[in-house]
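Chemist: One file: data_2.txt (compact mmCIF, C-alpha atoms).
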# COMPACT_ATOMS: atom_id res chain seq x y z
CA MET C 1 -69.11 -58.68 152.85
CA ILE C 2 -66.21 -60.65 151.49
CA GLN C 3 -63.09 -58.61 150.92
CA GLY C 4 -62.19 -58.34 147.25
CA ILE C 5 -65.38 -59.79 145.77
CA PRO C 6 -67.80 -57.33 144.22
CA LEU C 7 -71.54 -57.88 144.48
CA GLU C 8 -71.87 -58.47 140.77
CA HIS C 9 -69.88 -61.71 140.86
CA PHE C 10 -72.41 -63.28 143.20
CA LEU C 11 -75.22 -62.07 140.97
CA ILE C 12 -73.56 -63.55 137.89
CA VAL C 13 -73.23 -66.94 139.58
CA SER C 14 -76.83 -66.95 140.78
CA THR C 15 -78.15 -65.76 137.40
CA ILE C 16 -76.38 -68.53 135.53
CA MET C 17 -77.58 -71.05 138.08
CA PHE C 18 -81.17 -69.80 137.75
CA PHE C 19 -81.18 -70.19 133.99
CA ILE C 20 -79.53 -73.60 134.17
CA GLY C 21 -82.51 -74.53 136.31
CA VAL C 22 -84.92 -73.07 133.74
CA CYS C 23 -83.16 -74.95 130.95
CA GLY C 24 -83.34 -78.18 132.93
CA PHE C 25 -87.03 -77.64 133.57
CA ILE C 26 -87.62 -77.35 129.83
CA ILE C 27 -85.45 -80.19 128.54
CA ARG C 28 -86.13 -82.83 131.18
CA ARG C 29 -89.11 -85.12 130.70
CA ASN C 30 -89.11 -86.77 134.09
CA LEU C 31 -91.04 -85.46 137.08
CA ILE C 32 -88.26 -85.96 139.63
CA THR C 33 -85.60 -84.24 137.54
CA MET C 34 -88.00 -81.37 136.92
CA LEU C 35 -88.40 -81.10 140.68
CA MET C 36 -84.61 -80.97 141.00
CA ALA C 37 -84.50 -78.14 138.46
CA ILE C 38 -87.00 -76.24 140.59
CA GLU C 39 -84.75 -76.75 143.61
CA LEU C 40 -81.87 -75.23 141.64
CA ILE C 41 -84.01 -72.18 140.82
CA LEU C 42 -85.07 -71.69 144.43
CA ASN C 43 -81.49 -72.06 145.60
CA SER C 44 -80.22 -69.37 143.24
CA VAL C 45 -82.94 -67.01 144.47
CA ASN C 46 -81.79 -67.71 148.02
CA ILE C 47 -78.24 -66.72 147.15
CA ASN C 48 -79.54 -63.44 145.72
CA PHE C 49 -81.52 -62.60 148.86
CA VAL C 50 -78.64 -63.32 151.20
CA VAL C 51 -76.08 -61.44 149.13
CA PHE C 52 -78.23 -58.34 148.75
CA ASN C 53 -78.78 -58.42 152.48
CA ARG C 54 -75.08 -58.63 153.26
CA TYR C 55 -73.83 -56.11 150.72
CA LEU C 56 -76.53 -53.45 150.56
CA TYR C 57 -78.23 -53.52 153.98
CA PRO C 58 -75.77 -55.11 156.40
CA ASP C 59 -77.55 -53.63 159.44
CA GLN C 60 -80.79 -55.52 158.77
CA LEU C 61 -81.81 -59.14 158.34
CA GLN C 62 -84.67 -59.16 155.84
CA GLY C 63 -82.82 -61.14 153.19
CA GLN C 64 -81.80 -63.85 155.60
CA PHE C 65 -85.32 -64.31 156.89
CA PHE C 66 -86.78 -64.41 153.41
CA SER C 67 -84.35 -67.13 152.38
CA LEU C 68 -85.15 -69.02 155.58
CA PHE C 69 -88.83 -68.96 154.66
CA ILE C 70 -88.02 -69.95 151.08
CA VAL C 71 -86.13 -72.99 152.37
CA GLY C 72 -89.14 -73.95 154.47
CA ILE C 73 -91.51 -73.56 151.54
CA ALA C 74 -89.16 -75.58 149.33
CA ALA C 75 -89.23 -78.41 151.86
CA ALA C 76 -93.03 -78.38 151.96
CA GLU C 77 -93.23 -78.26 148.18
CA ALA C 78 -90.79 -81.13 147.75
CA SER C 79 -92.66 -83.35 150.18
CA VAL C 80 -96.04 -82.78 148.52
CA ALA C 81 -94.57 -83.15 145.04
CA ILE C 82 -92.92 -86.44 145.95
CA ALA C 83 -96.13 -87.76 147.45
CA LEU C 84 -97.88 -86.90 144.18
CA ILE C 85 -95.10 -88.52 142.14
CA ILE C 86 -95.27 -91.74 144.14
CA ASN C 87 -99.04 -91.82 143.73
CA ILE C 88 -98.74 -91.25 139.98
CA TYR C 89 -96.15 -94.02 139.77
CA ARG C 90 -98.44 -96.37 141.60
CA ASN C 91 -101.25 -95.72 139.14
CA MET C 92 -99.37 -95.44 135.84
CA LYS C 93 -96.10 -97.32 136.44
CA ASN C 94 -93.89 -94.50 135.18
CA ILE C 95 -93.39 -90.81 135.78
CA GLU C 96 -92.55 -89.39 132.36
CA VAL C 97 -94.59 -86.28 131.76
CA GLU C 98 -95.81 -87.44 128.35
CA ASN C 99 -97.63 -90.34 129.97
CA VAL C 100 -99.30 -88.36 132.72
CA ASN C 101 -101.85 -86.67 130.45
CA GLU C 102 -104.32 -89.36 131.44
CA MET C 103 -104.91 -87.42 134.64
CA LYS C 104 -107.21 -85.13 132.69
CA PHE C 105 -110.91 -85.75 133.06
CA MET Y 106 -54.97 -63.48 145.41
CA SER Y 107 -56.17 -63.93 148.94
CA MET Y 108 -57.70 -67.04 150.40
CA ASN Y 109 -61.21 -65.56 150.47
CA VAL Y 110 -61.23 -64.80 146.77
CA LEU Y 111 -59.84 -68.22 145.97
CA MET Y 112 -62.52 -69.94 148.04
CA PHE Y 113 -65.27 -67.87 146.44
CA TYR Y 114 -64.23 -68.84 142.93
CA LEU Y 115 -63.84 -72.46 143.99
CA PHE Y 116 -67.39 -72.56 145.37
CA SER Y 117 -68.77 -70.72 142.34
CA GLY Y 118 -67.05 -73.14 140.01
CA ILE Y 119 -68.45 -76.11 141.92
CA ILE Y 120 -71.95 -74.61 141.85
CA LEU Y 121 -71.92 -73.89 138.12
CA LEU Y 122 -70.24 -77.13 137.06
CA PHE Y 123 -72.42 -79.42 139.12
CA SER Y 124 -75.68 -77.65 138.38
CA LEU Y 125 -74.90 -78.05 134.70
CA LEU Y 126 -74.02 -81.72 135.22
CA SER Y 127 -77.16 -82.24 137.28
CA ILE Y 128 -79.44 -81.30 134.41
CA THR Y 129 -77.45 -83.05 131.68
CA THR Y 130 -76.52 -86.40 133.18
CA ARG Y 131 -78.44 -89.41 131.95
CA ARG Y 132 -78.53 -91.25 135.24
CA ILE Y 133 -81.08 -89.93 137.67
CA LEU Y 134 -79.30 -90.94 140.86
CA ARG Y 135 -76.19 -89.09 139.74
CA ALA Y 136 -78.32 -86.03 139.07
CA ALA Y 137 -79.46 -86.12 142.70
CA VAL Y 138 -75.89 -86.44 143.97
CA TYR Y 139 -74.76 -83.51 141.79
CA LEU Y 140 -77.64 -81.48 143.22
CA LEU Y 141 -76.30 -82.33 146.68
CA PHE Y 142 -72.88 -80.92 145.72
CA VAL Y 143 -74.51 -77.72 144.48
CA LEU Y 144 -76.40 -77.26 147.74
CA VAL Y 145 -73.35 -77.93 149.90
CA ALA Y 146 -71.28 -75.43 147.91
CA THR Y 147 -74.05 -72.86 148.34
CA SER Y 148 -73.91 -73.38 152.06
CA GLY Y 149 -70.17 -72.73 151.80
CA LEU Y 150 -70.98 -69.36 150.22
CA TYR Y 151 -73.29 -68.57 153.13
CA PHE Y 152 -70.51 -69.41 155.57
CA MET Y 153 -68.22 -67.03 153.70
CA LEU Y 154 -70.84 -64.29 153.98
CA LYS Y 155 -70.91 -64.92 157.76
CA TYR Y 156 -74.52 -66.13 157.84
CA GLN Y 157 -73.75 -69.18 159.91
CA PHE Y 158 -77.36 -69.93 160.84
CA MET Y 159 -78.52 -69.73 157.23
CA ALA Y 160 -75.68 -72.03 156.19
CA ALA Y 161 -76.60 -74.54 158.86
CA VAL Y 162 -80.24 -74.48 157.77
CA GLN Y 163 -79.14 -74.95 154.18
CA LEU Y 164 -77.03 -77.95 155.13
CA THR Y 165 -79.60 -79.68 157.32
CA LEU Y 166 -82.83 -78.88 155.47
CA TYR Y 167 -81.76 -78.72 151.86
CA ALA Y 168 -78.77 -81.01 151.66
CA GLY Y 169 -79.92 -83.27 154.46
CA GLY Y 170 -83.67 -83.28 154.03
CA ILE Y 171 -84.75 -82.56 150.51
CA VAL Y 172 -81.98 -84.45 148.73
CA VAL Y 173 -82.57 -87.52 150.89
CA LEU Y 174 -86.29 -87.28 150.09
CA ILE Y 175 -85.53 -87.04 146.38
CA ILE Y 176 -83.15 -90.00 146.53
CA PHE Y 177 -85.76 -92.08 148.35
CA SER Y 178 -88.36 -91.29 145.74
CA ILE Y 179 -85.89 -92.13 142.96
CA LEU Y 180 -85.23 -95.50 144.55
CA LEU Y 181 -88.98 -96.10 144.84
CA THR Y 182 -89.79 -95.21 141.25
CA HIS Y 183 -86.77 -96.16 139.12
CA HIS Y 184 -84.54 -99.03 138.35
CA ILE Y 185 -81.03 -98.23 139.43
CA THR Y 186 -79.63 -98.91 135.98
CA HIS Y 187 -82.23 -96.78 134.23
CA ARG Y 188 -80.86 -94.26 131.73
CA PHE Y 189 -82.71 -91.42 130.14
CA LYS Y 190 -83.17 -91.13 126.44
CA HIS Y 191 -81.61 -88.10 124.86
CA PRO Y 192 -84.07 -85.20 124.77
CA ASN Y 193 -85.40 -84.41 121.34
CA ILE Y 194 -83.62 -81.69 119.48
CA THR Y 195 -86.36 -79.05 119.43
CA LYS Y 196 -86.77 -79.15 123.19
CA LEU Y 197 -83.01 -79.01 123.66
CA LEU Y 198 -82.70 -75.98 121.40
CA MET Y 199 -85.68 -74.32 123.07
CA GLY Y 200 -84.22 -74.83 126.53
CA ILE Y 201 -80.75 -73.65 125.63
CA GLY Y 202 -82.16 -70.68 123.70
CA ALA Y 203 -84.33 -69.63 126.63
CA ALA Y 204 -81.39 -69.94 129.01
CA VAL Y 205 -78.98 -67.98 126.81
CA VAL Y 206 -81.46 -65.19 126.09
CA GLY Y 207 -82.37 -64.98 129.76
CA ILE Y 208 -78.77 -64.92 130.95
CA GLY Y 209 -77.90 -62.21 128.42
CA LEU Y 210 -80.87 -60.05 129.34
CA VAL Y 211 -80.42 -60.34 133.11
CA LEU Y 212 -76.64 -59.91 133.05
CA THR Y 213 -76.78 -56.77 130.89
CA THR Y 214 -79.32 -55.33 133.31
CA ILE Y 215 -77.26 -56.24 136.37
CA LEU Y 216 -73.93 -55.03 134.99
CA SER Y 217 -75.34 -51.71 133.76
CA HIS Y 218 -76.79 -50.94 137.20
CA SER Y 219 -74.50 -49.54 139.86
CA PHE Y 220 -75.25 -50.88 143.29
CA GLN Y 221 -74.46 -48.68 146.25
CA ALA Y 222 -72.91 -50.73 148.98
CA GLY Y 223 -74.41 -50.18 152.41
CA THR Y 224 -72.22 -48.23 154.78
CA ALA Y 225 -73.98 -49.14 158.00
CA PRO Y 226 -72.00 -51.29 160.44
CA GLU Y 227 -72.56 -55.00 160.08
CA LEU Y 228 -75.12 -56.50 162.40
CA PRO Y 229 -73.63 -59.53 164.13
CA VAL Y 230 -75.92 -62.42 163.20
CA ASP Y 231 -76.06 -64.51 166.33
CA MET Y 232 -78.91 -66.63 167.59
CA THR Y 233 -80.16 -63.97 170.01
CA VAL Y 234 -80.80 -61.50 167.21
CA ILE Y 235 -82.38 -64.12 164.97
CA GLY Y 236 -84.65 -65.50 167.68
CA ASN Y 237 -85.74 -62.05 168.84
CA GLN Y 238 -86.58 -60.87 165.34
CA LEU Y 239 -88.29 -64.11 164.35
CA LEU Y 240 -90.74 -63.92 167.23
CA SER Y 241 -91.20 -60.19 167.69
CA THR Y 242 -94.32 -58.35 166.61
CA GLY Y 243 -92.83 -54.89 166.42
CA LYS Y 244 -90.38 -53.36 163.98
CA ASN Y 245 -88.21 -55.93 162.20
CA GLY Y 246 -90.47 -58.66 163.53
CA TYR Y 247 -91.31 -61.74 161.52
CA VAL Y 248 -93.86 -63.49 163.67
CA LEU Y 249 -96.59 -63.43 161.00
CA PRO Y 250 -94.65 -65.29 158.27
CA PHE Y 251 -93.31 -67.59 160.98
CA GLU Y 252 -96.83 -68.60 162.01
CA LEU Y 253 -97.94 -68.82 158.39
CA ILE Y 254 -95.12 -71.14 157.50
CA SER Y 255 -95.83 -73.34 160.49
CA ILE Y 256 -99.41 -73.77 159.27
CA LEU Y 257 -98.12 -74.37 155.74
CA LEU Y 258 -95.75 -77.08 156.96
CA LEU Y 259 -98.53 -78.78 158.92
CA ALA Y 260 -100.81 -78.68 155.88
CA ALA Y 261 -98.05 -80.04 153.64
CA MET Y 262 -97.34 -82.86 156.09
CA ILE Y 263 -101.00 -83.91 156.25
CA ALA Y 264 -101.35 -83.55 152.47
CA ALA Y 265 -98.30 -85.71 151.80
CA ILE Y 266 -99.61 -88.43 154.09
CA VAL Y 267 -103.10 -88.34 152.59
CA ILE Y 268 -101.89 -88.32 148.98
CA ALA Y 269 -99.29 -91.06 149.30
CA LYS Y 270 -101.46 -93.31 151.45
CA LYS Y 271 -102.50 -96.55 149.85
CA GLU Y 272 -106.20 -96.85 149.24
CA LYS Y 273 -107.10 -100.07 151.00
CA ASN Y 274 -110.58 -100.55 149.70
CA LYS Y 275 -111.70 -98.53 146.75
CA ASN Y 276 -115.37 -99.35 147.21
CA THR Y 277 -115.69 -97.72 150.58
CA GLU Y 278 -113.93 -94.58 149.34
CA ILE Y 279 -116.21 -91.59 149.05
Show me, as structure tokens, the structure contained in the file I just sent.
Modeler:
Amino acid sequence: MIQGIPLEHFLIVSTIMFFIGVCGFIIRRNLITMLMAIELILNSVNINFVVFNRYLYPDQLQGQFFSLFIVGIAAAEASVAIALIINIYRNMKNIEVENVNEMKF
Amino acid sequence: MSMNVLMFYLFSGIILLFSLLSITTRRILRAAVYLLFVLVATSGLYFMLKYQFMAAVQLTLYAGGIVVLIIFSILLTHHITHRFKHPNITKLLMGIGAAVVGIGLVLTTILSHSFQAGTAPELPVDMTVIGNQLLSTGKNGYVLPFELISILLLAAMIAAIVIAKKEKNKNTEI
């Protein structure tokens, strides 16, 4: 743990970051910026896992491994999402979410 | 105020400021660069918590991999001078309202709960410990999620290639 910093300060930072991500997911209308908002959310969850691990259970490593796996899943998710976005762009010439409703059958 | 505390508040300030800028800026490439700053500052927090391996993974995979991928896709799909329109006012109010309500709810819950700090001695997080735990099948072993995520990454790689591949001849497609 860091001397002089209580656990709650980390949690406040990660909470605010999480809800900034949620807000960005709602107000943005572009697929790539929505993906970036999701990355913000995942990153704040990672901070939570690591900090709980270090402050509450410093003799174990669960939190660190979970955030490692989250990073891996985020990488997989980003690559598939960007492949989809590029394919959508190729078919519809833009990637605003309002224009993607033609994907419905 | 010691150096540790100062660095923590510096990193937190960078994280909050740039994550806010990243969702409000009107230029998409700048949003990606602000996201990069957020991720690098997060890795600084991991370094301060003495999780060096996690910080290195954060730097290489997140800041190095994902942000570069996002920037590539921006360059493929946008004009560099493209600017977003302002979001309409109902969506803006809905987003801000959801964020404020959520922050209030979660922070009251967190601050009214008293966490009991662990008293056990800190486990030194070196590569031997991480490698042993990642590949062990016994107690504190993580070999099952490790194998699962390797299959997931393989599937994601194949899926990305198949989805983004150009269809050469639509008539022969099944």
Chemist: When the cut-off is 7 Å and we count only C-alpha atoms, which residues of chain Y are near chain C, given as a ChimeraX atom specification?
Modeler: /Y:110,117,121,124-125,128,154,159,171,178,182,192,196-197,200-201,203-204,207-208,212,221-223,225-228,258,261,264-265,268-269
Chemist: Find the distance between atom CA of Met153 of chain Y and atom CA of Asn245 of chain Y and write it in Å to one decimal.
Modeler: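 One can read the atom CA of Met153 of chain Y to atom CA of Asn245 of chain Y distance as 24.4 Å.
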Chemist: Go ahead and compute the interatomic distance for atom CA of Met106 of chain Y and atom CA of Thr147 of chain Y, in Å to one decimal.
Modeler: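 Straight-line distance from atom CA of Met106 of chain Y to atom CA of Thr147 of chain Y works out to 21.5 Å.
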Chemist: Interatomic distance between atom CA of Val162 of chain Y and atom CA of Ile179 of chain Y?
Modeler: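 Value for the atom CA of Val162 of chain Y-atom CA of Ile179 of chain Y distance: 23.7 Å.
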Chemist: Near Gln238 of chain Y, counting only C-alpha atoms, which residues have an atom at most 10 Å away, once you skip same-chain residues fewer than 3 positions from it, shown as a list in words?
Modeler: Leu61, Gln62 and Phe65 of chain C; Met232, Thr233, Val234, Ile235, Ser241, Thr242, Gly243, Lys244, Asn245, Gly246, Tyr247 and Val248 of chain Y
Chemist: Counting all atoms listed in the file, which of Y:Val205, Y:Val173, Y:Val138, Y:Val145 gets nearest to Ala161 of chain Y?
Modeler: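 Looking at the shortest contact to Ala161 of chain Y, the residue is Y:Val145.
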